[in-house]
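Shown next, in structure tokens, is the structure this report addresses.
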Amino acid sequence: MKYDYLIVGSGLFGSVFAHEMGKKNKKCLVIEKRNHLGGNVYTYNESGINIHKYGAHILYTNSSIVWDYLNQFTSFNRFTNNVIARYYGEQFNMPFNMHTFHQMWGVKTPAEAQKIIAGQTIKHQKDNPENLEEHVLSMVGDDLYEKLVKGYSEKQWGRPCTALPPSVISRIPLRFTYDNNYYNTLYQGIPIGGYTKIIEKMLSQCDVALNEDFLDNRNKWHNQAVKILYTGMIDEYFEYCHGTLEYRGLFFDTKIMETDNFQGVAVVNYTDKDIPYTRTIEHKHFEFAQSEVTAVSYEYPQDWKQGEEAFYPINDARNIDLYNKYFQLANKNNQIIFGGRLGNYKYTNMQDTVLDALALAKLFT
């Protein structure tokens, strides 16, 4: 066979794995069905602004391993994610902190905020919340749930909070300090020049083929390499033989606007149900770009259908049981390895994606 490894998909997971295999003098071919490298972290430049085509990707981590690993390919800036939430004309800081509590109730001290939250949550306490609504009400109370969680979550997932598992939001931080930093991590930033440059450097020692769909000619690709890392949808690889896993889709409407500053912040969440998009992203604020125009993406969650890009796995009991059936099939094939968000059917942030890919690479020599 011509290659030691065929990597299907040039996203962050596949690219980290390919780079590590190259360091071990393994010959790798990376194929990508899109017309560009990078998967969902792909960025492109327009009007002097690096645009995150598939939504905001902000690196945040407490791991020096992840931070140092990615900084070997480019430097990261000091971007800090300060999110604004808008609800029917009201505006709040996110995540929940003393600024939020003051905006919500007019309180000025942590004791005042804690008293209100305790008074609202006490009636919702349950040993085992059965759904997202019960879970969040027991943690933050009625006001924060109704204005900042309910509408956003139902738009994001396309179903009522009473039909969503509590695990959708495993933990809601309540900060009783005046701190608008969305991520409470040691490291945080955006790569200077965009993520595509990182991917290009990772894959500089690999052969790369764009506009190549593995599933269109799988026999050909199986004969190209000793091992295959497949980062696409695991159920699609097995031709949906056990049924279709569920995902949420996203649609991004990106506009170049004739103003130098549209919203004054990188991310604004829209938490009321009547606005169809969940957030707007003003890309120039990620890298403090100086330009006379700006680029803004409107992010619309949508139902997913076969043939469309899948973004968020819906990890409820039915889908987890179905994924386990595909996982058992995967374990019977010694040539193929499944990895990444779609291959493992789990949503991971960039930190975990890098760590998972590095861990996988260590298993192979």
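Letters A, B, ... mark the chains of the structure tokens in the order given; residue numbers begin at 1 per chain; ligand numbers begin at 1, in order shown.
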
_Quick one: residues within 6 Å of stretch 32-48 of chain A, only C-alpha atoms, excluding same-chain residues fewer than 6 positions away - as an MDAnalysis selection string?_
chainID A and resid 9:11 54 194:196 199 210:213

_Just list as an NGL selection string whatever in stretch 256-332 of chain A DSSP marks as strand (DSSP E)._
:A and (256-257 or 267-270 or 279-282 or 294-303 or 312-313)

_Counting only C-alpha atoms, the residue of A:Ile65, A:Asn131, A:Leu148, A:Thr365 that sits nearest A:Glu90_ =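 Looking only at the distances to A:Glu90, the closest residue turns out to be A:Leu148.
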
*Please give the complete set of residues from stretch 87-277 of chain A that DSSP, run on the backbone, assigns to alpha helix (DSSP H), formatted as an NGL selection string.*
:A and (98-105 or 110-121 or 132-140 or 142-144 or 151-157 or 195-202 or 218-222 or 234-237)

*How many Å separate atom CA of A:Gln205 from atom CA of A:Arg218?*
23.9 Å

_Distance criterion (only C-alpha atoms): nearest to A:Val293 out of A:Tyr347, A:Thr61, A:Ala357, A:Ile49_ = A:Ile49

*Residues near A:Thr109, cut-off 12 Å, only C-alpha atoms, skip fewer than 6 positions along chain, as a list in words*: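 Once the adjacent positions are removed, what remains is Asn97, Met98, His99, Thr100, Phe101, His102, Lys115, Ile116, Arg175, Phe176, Thr177 and Tyr178 of chain A.
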
*Find, counting only C-alpha atoms, the residue in A:Gln103, A:Gln302, A:Asn77, A:Ser204 that gets nearest to A:Pro276.*
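The closest residue to A:Pro276 is A:Gln302.
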
*In Å, with one decimal, what is the gap from atom CA of A:Cys161 to atom CA of A:Ile122?*
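About the pair atom CA of A:Cys161 and atom CA of A:Ile122: they are 19.7 Å apart.
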
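Within 12 Å of A:Val268, once only C-alpha atoms are used and residues closer than 4 positions along the same chain are dropped, the contacting residues are Ala56, Asn81, Asn82, Val83, Ile84, Ala85, Arg86, Tyr87, Gln91, Phe92, Asn93, Met94, Pro95, Tyr152, Phe262, Gln263, Gly264, Tyr277, Thr278, Arg279, Thr280, Ile281, Glu282, His283, His285, Val296, Ser297, Tyr298 and Glu299 of chain A.
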
*asked:* Given only C-alpha atoms as the basis, pick out the residue of A:Ala289, A:Leu363, A:Leu229, A:Val107 nearest to A:Gly193.
replied: A:Ala289
